[in-house]
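This report concerns only the one structure given below.
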Amino acid sequence: MISPRRGERIVVGVDGSDGSQASVHWSVTEAGLRGVGVHLVMAWQQPQPYGAANDLVLGMDPSGDTGRILADAAEIELSQFGAEAEQGQRSVISREAVEGHPADVLVQAGRDAAMLADPASVGLDRGLRAVLFDLDGVLTRTARVHAAAWKEMFDAYLRKTARRTGTPFVAFDAGTDYDRYVDGKSRDDGTRSFLAARDIILPEGSPQDRAGLGTVQGLGKAKNEIVLRRMREDGVEVFEGSVRYVQAVRQAGLRCAVVSSSTNCQAVLAAAHIEDLFDRRIDGLTARDEKLPGKPAPDMFLAAAHALGMTPGQCAVVEDALAGVEAGRAGGFGQVIGVDRAGQAQALLDRGADIVVSDLAELLAQP
Ligand SMILES: O=P(O)(O)OC[C@H]1O[C@@H](O)[C@H](O)[C@@H](O)[C@@H]1O
């Protein structure tokens with residue numbers, strides 16, 4: 001068998017699971033389209049009971065098992081590859097068993113590859129094919145801009161109400177009130193949810209209401225003017241570890257979508273220069289147009305999975321908001337990753353995150 005040259009191959013990690021076979025299958029198809037080869041890599045390690053020397057381990061043959069698993073993985077695909085080859089595609093499958101830690105082995109094998117197709121190389125379960133990223137607080141440092149804008153708007157409203165009714169003014173807390181009632185939700189849901197927590201019911205009003213009028217729409221409009229002003233004045237910053245992570249996810253052969261409740265999502269992506277990293281965008285405007293219920297309902301994430309041609313089980317959800325991880329759990333997604341930016345790791349786990357990191361780069365084999 002001819003071995004594909006390093007820069008002309010997709011490297012895929014194999015571990016004998018159904019998920020890894022799905023990665024192999026996808027890689028063969030992708031390689032056919034790109035006209036490059038596929039290189040299957042499986043790492044093995046000598047089991048090393050405490051205190052035992054390598055050659056004293058009995059009854060196990062990790063190297064031999066590895067070779068067999070690799071041969072099976074290649075065999076399953078070779079039948080399909082054979083059919084494609086007949087149609088004029090030039091893919092070649094090679095394979096290699098390497099002793100060492102799986103992450104190190106793959107990173108090494110993936111050097112100079114056209115693509116490293118292995119969800120495990122980016123800390124994801126094998127079998128996942130796409131990642132759905134929240135925006136504010138996950139990719140960009142804009143959750144705190146939203147939190148400050150909500151505070152400015154609600155405090156102005158609450159102060160005025162306190163003066164008018166002769167009751168004490170209790171400020172909006174940009175930490176707890178934001179996380180609990182507003183973060184991750186659509187603007188209207190966030191407004192209603194915080195007001196309800198203070199037993200305040202306001203009329204809905206209409207999109208034509210002036211900013212600051214005592215309606216859900218009027219207050220939301222005032223908050224949006226503040227957010228836009230702050231972003232204009234201060235710019236939009238990314239989380240560098242997140243950008244690196246999205247790039248690695250793409251390099252690992254997974255597709256990416258951004259799923260944000262914000263109606264300003266497109267503008268924020270553009271200001272941060274990260275629009276091109278995503279295959280699909282489902283945002284506050286999509287939700288409005290397609291009448292999708294907002295987070296914590298799973299519908300926006302489900303729409304993103306559908307747009308990418310994936311089942312929920314093939315997608316990971318990455319979220320910093322409590323409402324967001326709840327949506328990921330409710331939708332039955334393959335993996336829910338919480339990003340803790342506000343010291344609420346336990347709350348993210350309680351609401352449905354499978355794992356919590358404080359920076360997405362922690363998921364990379366070499367952060
Ligand atoms: O008001 P926008 O830009 O449509 O955003 C709505 C919401 O979008 C979410 O992404 C943020 O977590 C919330 O804080 C924000 O309020």
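How things are named: the first chain in the structure tokens is A, the next is B, and so on; residues count from 1 in each chain; ligands count from 1 in the order shown.
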Non-local contacts of Val336 of chain A (12 Å; only C-alpha atoms; under 2 positions in same chain excluded) as a PDB file with N, CA and C atoms, in the first residue's frame:
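Result saved to selection-v5.pdb:
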```pdb
ATOM      1  N   GLY A 123     -10.200  17.528  23.256  1.00  0.00           N
ATOM      2  CA  GLY A 123     -10.860  17.265  24.541  1.00  0.00           C
ATOM      3  C   GLY A 123     -12.309  16.868  24.428  1.00  0.00           C
ATOM      4  N   LEU A 124     -12.744  16.412  23.235  1.00  0.00           N
ATOM      5  CA  LEU A 124     -14.157  16.062  23.068  1.00  0.00           C
ATOM      6  C   LEU A 124     -14.320  14.557  22.928  1.00  0.00           C
ATOM      7  N   ASP A 125     -15.525  14.083  23.244  1.00  0.00           N
ATOM      8  CA  ASP A 125     -15.801  12.656  23.094  1.00  0.00           C
ATOM      9  C   ASP A 125     -15.692  12.268  21.634  1.00  0.00           C
ATOM     10  N   LEU A 128     -18.225  12.847  18.241  1.00  0.00           N
ATOM     11  CA  LEU A 128     -18.758  14.192  18.022  1.00  0.00           C
ATOM     12  C   LEU A 128     -18.255  14.724  16.676  1.00  0.00           C
ATOM     13  N   VAL A 131     -19.287  21.451  16.916  1.00  0.00           N
ATOM     14  CA  VAL A 131     -19.334  22.159  18.197  1.00  0.00           C
ATOM     15  C   VAL A 131     -20.159  23.432  18.019  1.00  0.00           C
ATOM     16  N   LEU A 132     -21.068  23.635  18.954  1.00  0.00           N
ATOM     17  CA  LEU A 132     -21.965  24.795  18.916  1.00  0.00           C
ATOM     18  C   LEU A 132     -21.538  25.745  20.039  1.00  0.00           C
ATOM     19  N   PHE A 133     -21.008  26.902  19.657  1.00  0.00           N
ATOM     20  CA  PHE A 133     -20.434  27.826  20.639  1.00  0.00           C
ATOM     21  C   PHE A 133     -21.395  28.977  20.928  1.00  0.00           C
ATOM     22  N   ASP A 134     -21.596  29.261  22.200  1.00  0.00           N
ATOM     23  CA  ASP A 134     -22.230  30.515  22.582  1.00  0.00           C
ATOM     24  C   ASP A 134     -21.228  31.643  22.281  1.00  0.00           C
ATOM     25  N   PHE A 301     -30.121  25.785  19.705  1.00  0.00           N
ATOM     26  CA  PHE A 301     -29.034  24.817  19.480  1.00  0.00           C
ATOM     27  C   PHE A 301     -29.484  23.716  18.521  1.00  0.00           C
ATOM     28  N   PRO A 312     -28.360  16.034  17.367  1.00  0.00           N
ATOM     29  CA  PRO A 312     -27.872  16.639  18.614  1.00  0.00           C
ATOM     30  C   PRO A 312     -26.762  15.804  19.252  1.00  0.00           C
ATOM     31  N   GLY A 313     -26.866  14.477  19.162  1.00  0.00           N
ATOM     32  CA  GLY A 313     -25.859  13.599  19.761  1.00  0.00           C
ATOM     33  C   GLY A 313     -24.478  13.754  19.139  1.00  0.00           C
ATOM     34  N   GLN A 314     -24.409  14.303  17.931  1.00  0.00           N
ATOM     35  CA  GLN A 314     -23.107  14.494  17.269  1.00  0.00           C
ATOM     36  C   GLN A 314     -22.492  15.852  17.587  1.00  0.00           C
ATOM     37  N   CYS A 315     -23.213  16.660  18.393  1.00  0.00           N
ATOM     38  CA  CYS A 315     -22.737  18.031  18.651  1.00  0.00           C
ATOM     39  C   CYS A 315     -22.399  18.240  20.122  1.00  0.00           C
ATOM     40  N   ALA A 316     -21.347  19.016  20.360  1.00  0.00           N
ATOM     41  CA  ALA A 316     -21.065  19.512  21.711  1.00  0.00           C
ATOM     42  C   ALA A 316     -21.590  20.941  21.795  1.00  0.00           C
ATOM     43  N   VAL A 317     -22.047  21.309  22.985  1.00  0.00           N
ATOM     44  CA  VAL A 317     -22.501  22.689  23.244  1.00  0.00           C
ATOM     45  C   VAL A 317     -21.500  23.325  24.205  1.00  0.00           C
ATOM     46  N   VAL A 318     -21.069  24.549  23.910  1.00  0.00           N
ATOM     47  CA  VAL A 318     -20.127  25.241  24.792  1.00  0.00           C
ATOM     48  C   VAL A 318     -20.789  26.532  25.285  1.00  0.00           C
ATOM     49  N   GLU A 319     -20.949  26.652  26.580  1.00  0.00           N
ATOM     50  CA  GLU A 319     -21.750  27.737  27.171  1.00  0.00           C
ATOM     51  C   GLU A 319     -21.161  28.257  28.473  1.00  0.00           C
ATOM     52  N   ASP A 320     -21.303  29.546  28.714  1.00  0.00           N
ATOM     53  CA  ASP A 320     -20.900  30.110  30.008  1.00  0.00           C
ATOM     54  C   ASP A 320     -22.111  30.458  30.871  1.00  0.00           C
ATOM     55  N   ALA A 321     -23.299  30.459  30.271  1.00  0.00           N
ATOM     56  CA  ALA A 321     -24.487  30.913  31.008  1.00  0.00           C
ATOM     57  C   ALA A 321     -25.264  29.728  31.560  1.00  0.00           C
ATOM     58  N   LEU A 322     -25.887  29.918  32.720  1.00  0.00           N
ATOM     59  CA  LEU A 322     -26.695  28.847  33.317  1.00  0.00           C
ATOM     60  C   LEU A 322     -27.823  28.456  32.365  1.00  0.00           C
ATOM     61  N   GLY A 324     -27.790  28.658  29.262  1.00  0.00           N
ATOM     62  CA  GLY A 324     -27.196  28.006  28.096  1.00  0.00           C
ATOM     63  C   GLY A 324     -26.897  26.532  28.335  1.00  0.00           C
ATOM     64  N   VAL A 325     -26.294  26.210  29.480  1.00  0.00           N
ATOM     65  CA  VAL A 325     -26.005  24.787  29.748  1.00  0.00           C
ATOM     66  C   VAL A 325     -27.321  24.016  29.945  1.00  0.00           C
ATOM     67  N   GLU A 326     -28.315  24.705  30.501  1.00  0.00           N
ATOM     68  CA  GLU A 326     -29.631  24.050  30.640  1.00  0.00           C
ATOM     69  C   GLU A 326     -30.183  23.687  29.266  1.00  0.00           C
ATOM     70  N   ALA A 327     -30.006  24.600  28.315  1.00  0.00           N
ATOM     71  CA  ALA A 327     -30.488  24.344  26.948  1.00  0.00           C
ATOM     72  C   ALA A 327     -29.738  23.158  26.345  1.00  0.00           C
ATOM     73  N   GLY A 328     -28.435  23.093  26.591  1.00  0.00           N
ATOM     74  CA  GLY A 328     -27.634  21.987  26.066  1.00  0.00           C
ATOM     75  C   GLY A 328     -28.099  20.655  26.642  1.00  0.00           C
ATOM     76  N   ARG A 329     -28.383  20.639  27.917  1.00  0.00           N
ATOM     77  CA  ARG A 329     -28.838  19.409  28.573  1.00  0.00           C
ATOM     78  C   ARG A 329     -30.221  19.034  28.043  1.00  0.00           C
ATOM     79  N   ALA A 330     -31.104  20.033  27.929  1.00  0.00           N
ATOM     80  CA  ALA A 330     -32.483  19.751  27.510  1.00  0.00           C
ATOM     81  C   ALA A 330     -32.535  19.205  26.083  1.00  0.00           C
ATOM     82  N   GLY A 331     -31.559  19.587  25.252  1.00  0.00           N
ATOM     83  CA  GLY A 331     -31.595  19.172  23.847  1.00  0.00           C
ATOM     84  C   GLY A 331     -30.954  17.811  23.602  1.00  0.00           C
ATOM     85  N   GLY A 332     -30.413  17.181  24.633  1.00  0.00           N
ATOM     86  CA  GLY A 332     -29.790  15.864  24.448  1.00  0.00           C
ATOM     87  C   GLY A 332     -28.527  15.926  23.613  1.00  0.00           C
ATOM     88  N   PHE A 333     -27.729  16.975  23.766  1.00  0.00           N
ATOM     89  CA  PHE A 333     -26.504  17.093  22.971  1.00  0.00           C
ATOM     90  C   PHE A 333     -25.427  16.137  23.505  1.00  0.00           C
ATOM     91  N   GLY A 334     -24.498  15.790  22.596  1.00  0.00           N
ATOM     92  CA  GLY A 334     -23.499  14.770  22.921  1.00  0.00           C
ATOM     93  C   GLY A 334     -22.646  15.122  24.116  1.00  0.00           C
ATOM     94  N   GLY A 338     -19.213  23.569  30.107  1.00  0.00           N
ATOM     95  CA  GLY A 338     -19.428  24.856  30.760  1.00  0.00           C
ATOM     96  C   GLY A 338     -18.118  25.623  30.820  1.00  0.00           C
ATOM     97  N   VAL A 339     -18.189  26.919  30.571  1.00  0.00           N
ATOM     98  CA  VAL A 339     -17.002  27.769  30.690  1.00  0.00           C
ATOM     99  C   VAL A 339     -17.276  28.719  31.855  1.00  0.00           C
ATOM    100  N   LEU A 348     -22.909  25.580  37.107  1.00  0.00           N
ATOM    101  CA  LEU A 348     -22.928  25.119  35.707  1.00  0.00           C
ATOM    102  C   LEU A 348     -23.073  23.596  35.669  1.00  0.00           C
ATOM    103  N   LEU A 349     -22.364  22.905  36.571  1.00  0.00           N
ATOM    104  CA  LEU A 349     -22.478  21.439  36.638  1.00  0.00           C
ATOM    105  C   LEU A 349     -23.897  21.043  37.056  1.00  0.00           C
ATOM    106  N   ASP A 350     -24.434  21.764  38.052  1.00  0.00           N
ATOM    107  CA  ASP A 350     -25.779  21.443  38.539  1.00  0.00           C
ATOM    108  C   ASP A 350     -26.830  21.605  37.449  1.00  0.00           C
ATOM    109  N   ARG A 351     -26.621  22.591  36.555  1.00  0.00           N
ATOM    110  CA  ARG A 351     -27.624  22.836  35.496  1.00  0.00           C
ATOM    111  C   ARG A 351     -27.427  21.943  34.266  1.00  0.00           C
ATOM    112  N   GLY A 352     -26.341  21.145  34.248  1.00  0.00           N
ATOM    113  CA  GLY A 352     -26.258  20.192  33.137  1.00  0.00           C
ATOM    114  C   GLY A 352     -24.938  20.113  32.410  1.00  0.00           C
ATOM    115  N   ALA A 353     -23.902  20.880  32.823  1.00  0.00           N
ATOM    116  CA  ALA A 353     -22.611  20.759  32.134  1.00  0.00           C
ATOM    117  C   ALA A 353     -21.973  19.414  32.477  1.00  0.00           C
ATOM    118  N   ASP A 354     -21.370  18.767  31.466  1.00  0.00           N
ATOM    119  CA  ASP A 354     -20.645  17.511  31.721  1.00  0.00           C
ATOM    120  C   ASP A 354     -19.284  17.812  32.333  1.00  0.00           C
ATOM    121  N   ILE A 355     -18.653  18.855  31.824  1.00  0.00           N
ATOM    122  CA  ILE A 355     -17.376  19.299  32.390  1.00  0.00           C
ATOM    123  C   ILE A 355     -17.383  20.825  32.423  1.00  0.00           C
ATOM    124  N   VAL A 356     -16.533  21.394  33.265  1.00  0.00           N
ATOM    125  CA  VAL A 356     -16.415  22.860  33.323  1.00  0.00           C
ATOM    126  C   VAL A 356     -14.935  23.213  33.235  1.00  0.00           C
ATOM    127  N   VAL A 357     -14.618  24.182  32.391  1.00  0.00           N
ATOM    128  CA  VAL A 357     -13.244  24.680  32.292  1.00  0.00           C
ATOM    129  C   VAL A 357     -13.283  26.187  32.539  1.00  0.00           C
TER     130      VAL A 357
END
```
Show me, as a Markdown table, the residues of chain A having an atom within 7 Å of ligand 1, each with the closest atom pair and its distance in Å, using only C-alpha atoms and all ligand atoms.
```
| residue | atom | partner | partner_atom_place_in_ligand_line | distance |
| --- | --- | --- | --- | --- |
| A:Leu135 | CA | ligand 1 | 10 (O) | 6.2 |
| A:Asp136 | CA | ligand 1 | 10 (O) | 4.9 |
| A:Ala143 | CA | ligand 1 | 12 (O) | 5.7 |
| A:His146 | CA | ligand 1 | 14 (O) | 4.8 |
| A:Ala147 | CA | ligand 1 | 14 (O) | 6.1 |
| A:Val182 | CA | ligand 1 | 14 (O) | 5.9 |
| A:Asp183 | CA | ligand 1 | 12 (O) | 4.2 |
| A:Gly184 | CA | ligand 1 | 12 (O) | 3.5 |
| A:Lys185 | CA | ligand 1 | 7 (C) | 5.4 |
| A:Ser186 | CA | ligand 1 | 6 (C) | 4.5 |
| A:Arg187 | CA | ligand 1 | 6 (C) | 4.2 |
| A:Gly190 | CA | ligand 1 | 16 (O) | 6.4 |
| A:Asn224 | CA | ligand 1 | 1 (O) | 5.4 |
| A:Ser260 | CA | ligand 1 | 10 (O) | 5.1 |
| A:Ser261 | CA | ligand 1 | 8 (O) | 4.4 |
| A:Ser262 | CA | ligand 1 | 5 (O) | 3.4 |
| A:Thr263 | CA | ligand 1 | 4 (O) | 3.6 |
| A:Asn264 | CA | ligand 1 | 3 (O) | 4.5 |
| A:Cys265 | CA | ligand 1 | 3 (O) | 6.9 |
| A:Gly284 | CA | ligand 1 | 4 (O) | 5.9 |
| A:Ala321 | CA | ligand 1 | 12 (O) | 6.9 |
```
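The set of residues in segment 114-177 of chain A assigned to alpha helix (DSSP H) by DSSP, using only backbone atoms of this structure, is Ala143, Arg144, Val145, His146, Ala147, Ala148, Ala149, Trp150, Lys151, Glu152, Met153, Phe154, Asp155, Ala156, Tyr157, Leu158, Arg159, Lys160, Thr161, Ala162, Arg163, Arg164, Thr165, Thr176 and Asp177 of chain A.
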Within 8 Å of segment 116-121 of chain A, which residues of segment 227-344 of chain A come that close, and what is the closest atom pair and distance in Å for each? Count only C-alpha atoms and give it as a Markdown table.
```
| residue | atom | partner | partner_atom | distance |
| --- | --- | --- | --- | --- |
| A:Val249 | CA | A:Pro119 | CA | 7.5 |
| A:Gln251 | CA | A:Leu116 | CA | 5.9 |
| A:Ala252 | CA | A:Ala117 | CA | 4.3 |
| A:Gly253 | CA | A:Ala117 | CA | 4.8 |
| A:Leu254 | CA | A:Pro119 | CA | 7.4 |
```
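Here atom CA of Phe154 of chain A and atom CA of Thr191 of chain A stand 8.9 Å from one another.
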**OP:** Can you list, as a PyMOL selection string, all residues belonging to segment 73-240 of chain A that DSSP tags as strand (DSSP E)?
**Re:** chain A and resi 93-99+115-117+130-133
Can you write just those residues out, N, CA, C and O atoms, as a PDB file, in the first residue's frame?
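So result_22.pdb came out as:
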```
ATOM      1  N   ILE A  93      -5.356   4.752   2.368  1.00  0.00           N
ATOM      2  CA  ILE A  93      -5.396   4.603   3.825  1.00  0.00           C
ATOM      3  C   ILE A  93      -4.113   3.920   4.293  1.00  0.00           C
ATOM      4  O   ILE A  93      -3.770   2.846   3.822  1.00  0.00           O
ATOM      5  N   SER A  94      -3.410   4.571   5.205  1.00  0.00           N
ATOM      6  CA  SER A  94      -2.250   3.934   5.832  1.00  0.00           C
ATOM      7  C   SER A  94      -2.526   3.871   7.326  1.00  0.00           C
ATOM      8  O   SER A  94      -3.439   4.530   7.821  1.00  0.00           O
ATOM      9  N   ARG A  95      -1.754   3.075   8.032  1.00  0.00           N
ATOM     10  CA  ARG A  95      -2.021   2.986   9.472  1.00  0.00           C
ATOM     11  C   ARG A  95      -0.734   2.747  10.252  1.00  0.00           C
ATOM     12  O   ARG A  95       0.253   2.235   9.724  1.00  0.00           O
ATOM     13  N   GLU A  96      -0.818   3.118  11.532  1.00  0.00           N
ATOM     14  CA  GLU A  96       0.403   3.086  12.339  1.00  0.00           C
ATOM     15  C   GLU A  96       0.015   2.948  13.817  1.00  0.00           C
ATOM     16  O   GLU A  96      -0.886   3.638  14.297  1.00  0.00           O
ATOM     17  N   ALA A  97       0.661   2.033  14.531  1.00  0.00           N
ATOM     18  CA  ALA A  97       0.465   1.899  15.982  1.00  0.00           C
ATOM     19  C   ALA A  97       1.706   2.472  16.651  1.00  0.00           C
ATOM     20  O   ALA A  97       2.824   2.115  16.298  1.00  0.00           O
ATOM     21  N   VAL A  98       1.489   3.395  17.595  1.00  0.00           N
ATOM     22  CA  VAL A  98       2.638   4.070  18.204  1.00  0.00           C
ATOM     23  C   VAL A  98       2.541   3.962  19.710  1.00  0.00           C
ATOM     24  O   VAL A  98       1.459   4.187  20.289  1.00  0.00           O
ATOM     25  N   GLU A  99       3.613   3.657  20.364  1.00  0.00           N
ATOM     26  CA  GLU A  99       3.594   3.607  21.825  1.00  0.00           C
ATOM     27  C   GLU A  99       3.690   5.019  22.373  1.00  0.00           C
ATOM     28  O   GLU A  99       4.530   5.813  21.936  1.00  0.00           O
ATOM     29  N   MET A 115      -5.045  17.788   7.899  1.00  0.00           N
ATOM     30  CA  MET A 115      -6.068  17.917   8.934  1.00  0.00           C
ATOM     31  C   MET A 115      -5.878  16.813   9.962  1.00  0.00           C
ATOM     32  O   MET A 115      -5.501  15.694   9.613  1.00  0.00           O
ATOM     33  N   LEU A 116      -6.123  17.139  11.216  1.00  0.00           N
ATOM     34  CA  LEU A 116      -6.046  16.130  12.270  1.00  0.00           C
ATOM     35  C   LEU A 116      -7.481  15.830  12.691  1.00  0.00           C
ATOM     36  O   LEU A 116      -8.113  16.640  13.354  1.00  0.00           O
ATOM     37  N   ALA A 117      -8.023  14.685  12.227  1.00  0.00           N
ATOM     38  CA  ALA A 117      -9.443  14.411  12.459  1.00  0.00           C
ATOM     39  C   ALA A 117      -9.622  13.589  13.711  1.00  0.00           C
ATOM     40  O   ALA A 117      -9.712  12.382  13.658  1.00  0.00           O
ATOM     41  N   ALA A 130     -19.402  18.104  15.550  1.00  0.00           N
ATOM     42  CA  ALA A 130     -19.591  19.558  15.458  1.00  0.00           C
ATOM     43  C   ALA A 130     -19.617  20.167  16.846  1.00  0.00           C
ATOM     44  O   ALA A 130     -19.908  19.480  17.825  1.00  0.00           O
ATOM     45  N   VAL A 131     -19.287  21.451  16.916  1.00  0.00           N
ATOM     46  CA  VAL A 131     -19.334  22.159  18.197  1.00  0.00           C
ATOM     47  C   VAL A 131     -20.159  23.432  18.019  1.00  0.00           C
ATOM     48  O   VAL A 131     -19.966  24.190  17.062  1.00  0.00           O
ATOM     49  N   LEU A 132     -21.068  23.635  18.954  1.00  0.00           N
ATOM     50  CA  LEU A 132     -21.965  24.795  18.916  1.00  0.00           C
ATOM     51  C   LEU A 132     -21.538  25.745  20.039  1.00  0.00           C
ATOM     52  O   LEU A 132     -21.665  25.411  21.216  1.00  0.00           O
ATOM     53  N   PHE A 133     -21.008  26.902  19.657  1.00  0.00           N
ATOM     54  CA  PHE A 133     -20.434  27.826  20.639  1.00  0.00           C
ATOM     55  C   PHE A 133     -21.395  28.977  20.928  1.00  0.00           C
ATOM     56  O   PHE A 133     -21.890  29.629  19.998  1.00  0.00           O
TER      57      PHE A 133
END
```
Original post:
Residues at most 12 Å from Ala307 of chain A, counting only C-alpha atoms, excluding those fewer than 4 positions away in the same chain, as a list in words?
Top reply: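 The residues that qualify are Ala130, Leu132, Arg255, Cys256, Ala257, Val258, Val259, Phe278, Asp279, Arg280, Arg281, Ile282, Met300, Phe301, Leu302, Ala303, Thr311, Pro312 and Cys315 of chain A.
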Subject >> For Leu213 of chain A, the nearest of the candidates A:Ser23, A:Ala156, A:Ala149, A:Thr140, counting only C-alpha atoms >> reply: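 Answer, going by the shortest atom-to-atom distance: A:Ala156.
If you look at atom CA of Ala114 of chain A and atom CA of Arg9 of chain A, they are 5.5 Å away from each other.
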**OP:** Rank A:Glu275, A:Asp72, A:Asp61, A:Asp104 by their smallest atom-to-atom distance to Asp15 of chain A, using only C-alpha atoms, and report the top residue only.
**Re:**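 Selected residue with least distance to Asp15 of chain A: A:Asp72.
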Original post:
Near segment 229-237 of chain A, within 12 Å and counting only C-alpha atoms, which residues show up once chain neighbours fewer than 2 positions away are dropped, as number ranges by chain?
Top reply: A: 135-150, 152, 222-227, 239-243, 264-265, 267-274
How about saving the chosen residues, N, CA and C atoms kept, as a CSV table (one decimal), in the first residue's frame?
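The file below, result35.csv, is the result:
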```csv
chain,number,residue,atom,x,y,z
A,135,LEU,N,-21.7,32.9,22.2
A,135,LEU,CA,-20.8,34.0,21.9
A,135,LEU,C,-20.4,34.8,23.1
A,136,ASP,N,-21.3,35.6,23.7
A,136,ASP,CA,-21.0,36.5,24.8
A,136,ASP,C,-20.5,35.7,26.0
A,137,GLY,N,-19.2,35.9,26.4
A,137,GLY,CA,-18.7,35.2,27.5
A,137,GLY,C,-18.0,33.9,27.2
A,138,VAL,N,-18.2,33.4,26.0
A,138,VAL,CA,-17.5,32.2,25.6
A,138,VAL,C,-16.4,32.6,24.6
A,139,LEU,N,-16.8,33.3,23.5
A,139,LEU,CA,-15.8,33.6,22.5
A,139,LEU,C,-15.3,35.1,22.7
A,140,THR,N,-16.2,35.9,23.1
A,140,THR,CA,-15.9,37.4,23.3
A,140,THR,C,-16.1,37.8,24.7
A,141,ARG,N,-15.3,38.8,25.1
A,141,ARG,CA,-15.4,39.4,26.5
A,141,ARG,C,-16.6,40.4,26.6
A,142,THR,N,-17.7,40.0,26.0
A,142,THR,CA,-18.9,40.9,26.0
A,142,THR,C,-20.0,40.6,27.0
A,143,ALA,N,-19.8,39.5,27.7
A,143,ALA,CA,-20.9,39.2,28.7
A,143,ALA,C,-20.8,40.3,29.8
A,144,ARG,N,-19.6,40.8,30.1
A,144,ARG,CA,-19.5,41.8,31.1
A,144,ARG,C,-20.0,43.2,30.6
A,145,VAL,N,-19.9,43.4,29.3
A,145,VAL,CA,-20.4,44.6,28.7
A,145,VAL,C,-22.0,44.6,28.8
A,146,HIS,N,-22.5,43.4,28.5
A,146,HIS,CA,-24.0,43.3,28.6
A,146,HIS,C,-24.4,43.5,30.1
A,147,ALA,N,-23.6,42.8,31.0
A,147,ALA,CA,-24.0,43.0,32.4
A,147,ALA,C,-24.0,44.4,32.9
A,148,ALA,N,-22.9,45.2,32.4
A,148,ALA,CA,-22.8,46.6,32.8
A,148,ALA,C,-24.0,47.4,32.2
A,149,ALA,N,-24.4,47.0,31.0
A,149,ALA,CA,-25.5,47.8,30.3
A,149,ALA,C,-26.8,47.5,31.0
A,150,TRP,N,-27.0,46.2,31.4
A,150,TRP,CA,-28.2,45.9,32.1
A,150,TRP,C,-28.3,46.7,33.4
A,152,GLU,N,-26.8,49.6,34.2
A,152,GLU,CA,-27.0,51.0,33.9
A,152,GLU,C,-28.5,51.3,33.6
A,222,ALA,N,-33.5,50.7,25.7
A,222,ALA,CA,-32.5,51.6,26.4
A,222,ALA,C,-31.3,50.7,26.7
A,223,LYS,N,-31.5,49.5,27.1
A,223,LYS,CA,-30.3,48.6,27.3
A,223,LYS,C,-29.5,48.4,26.1
A,224,ASN,N,-30.2,48.3,24.9
A,224,ASN,CA,-29.4,48.0,23.7
A,224,ASN,C,-28.6,49.2,23.3
A,225,GLU,N,-29.2,50.4,23.5
A,225,GLU,CA,-28.5,51.6,23.1
A,225,GLU,C,-27.2,51.7,24.0
A,226,ILE,N,-27.3,51.3,25.3
A,226,ILE,CA,-26.1,51.4,26.1
A,226,ILE,C,-25.0,50.4,25.7
A,227,VAL,N,-25.5,49.1,25.4
A,227,VAL,CA,-24.5,48.1,24.9
A,227,VAL,C,-23.8,48.6,23.7
A,239,PHE,N,-11.6,36.1,23.7
A,239,PHE,CA,-10.8,35.3,24.6
A,239,PHE,C,-9.8,34.6,23.7
A,240,GLU,N,-8.6,34.9,23.9
A,240,GLU,CA,-7.5,34.3,23.0
A,240,GLU,C,-7.6,32.8,23.0
A,241,GLY,N,-7.7,32.2,24.2
A,241,GLY,CA,-7.8,30.7,24.3
A,241,GLY,C,-9.0,30.1,23.6
A,242,SER,N,-10.1,30.9,23.5
A,242,SER,CA,-11.2,30.4,22.8
A,242,SER,C,-11.0,30.4,21.3
A,243,VAL,N,-10.4,31.4,20.8
A,243,VAL,CA,-10.1,31.5,19.4
A,243,VAL,C,-9.2,30.4,19.0
A,264,ASN,N,-27.2,41.2,18.3
A,264,ASN,CA,-26.0,41.9,17.9
A,264,ASN,C,-24.9,41.0,17.5
A,265,CYS,N,-25.2,39.7,17.4
A,265,CYS,CA,-24.2,38.7,17.2
A,265,CYS,C,-23.3,38.9,16.0
A,267,ALA,N,-22.7,41.6,14.4
A,267,ALA,CA,-21.8,42.8,14.5
A,267,ALA,C,-20.7,42.5,15.5
A,268,VAL,N,-20.9,41.7,16.5
A,268,VAL,CA,-19.9,41.4,17.5
A,268,VAL,C,-18.8,40.5,16.8
A,269,LEU,N,-19.3,39.5,16.1
A,269,LEU,CA,-18.4,38.6,15.4
A,269,LEU,C,-17.5,39.4,14.4
A,270,ALA,N,-18.1,40.3,13.7
A,270,ALA,CA,-17.3,41.1,12.7
A,270,ALA,C,-16.3,42.0,13.5
A,271,ALA,N,-16.8,42.7,14.6
A,271,ALA,CA,-15.9,43.5,15.3
A,271,ALA,C,-14.7,42.8,15.9
A,272,ALA,N,-14.9,41.5,16.2
A,272,ALA,CA,-13.9,40.6,16.8
A,272,ALA,C,-13.0,39.9,15.7
A,273,HIS,N,-13.4,40.1,14.4
A,273,HIS,CA,-12.8,39.4,13.3
A,273,HIS,C,-12.8,37.9,13.4
A,274,ILE,N,-13.9,37.3,13.8
A,274,ILE,CA,-13.9,35.9,14.0
A,274,ILE,C,-15.1,35.3,13.2
```
Original post:
How far is it from atom CA of Gln217 of chain A to atom CA of Arg341 of chain A, in Å with one decimal?
Top reply: 28.9 Å
Subject >> Surrounding residues of Asp177 of chain A excluding itself and chain neighbours under 3 positions, 10 Å, only C-alpha atoms, as a list in words >> reply: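 Residues meeting the cut-off are Ala147, Trp150, Lys151, Ala171, Phe172, Asp173, Ala174, Arg180, Tyr181, Val182, Asp183, Ser193, Phe194 and Ala197 of chain A.
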Convert the current residue selection to file output with C-alpha atoms, as a CSV table (one decimal), in the first residue's frame.
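Full text of part-v9.csv as output:
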```csv
chain,number,residue,atom,x,y,z
A,147,ALA,CA,-24.0,43.0,32.4
A,150,TRP,CA,-28.2,45.9,32.1
A,151,LYS,CA,-27.1,47.5,35.4
A,171,ALA,CA,-29.7,48.3,42.7
A,172,PHE,CA,-29.4,45.6,40.0
A,173,ASP,CA,-26.4,43.3,40.9
A,174,ALA,CA,-24.3,42.9,37.9
A,180,ARG,CA,-29.5,34.3,37.6
A,181,TYR,CA,-32.1,36.2,35.6
A,182,VAL,CA,-30.5,37.7,32.4
A,183,ASP,CA,-27.4,35.9,31.2
A,193,SER,CA,-37.2,37.6,34.1
A,194,PHE,CA,-35.4,40.2,36.3
A,197,ALA,CA,-37.9,38.5,40.4
```
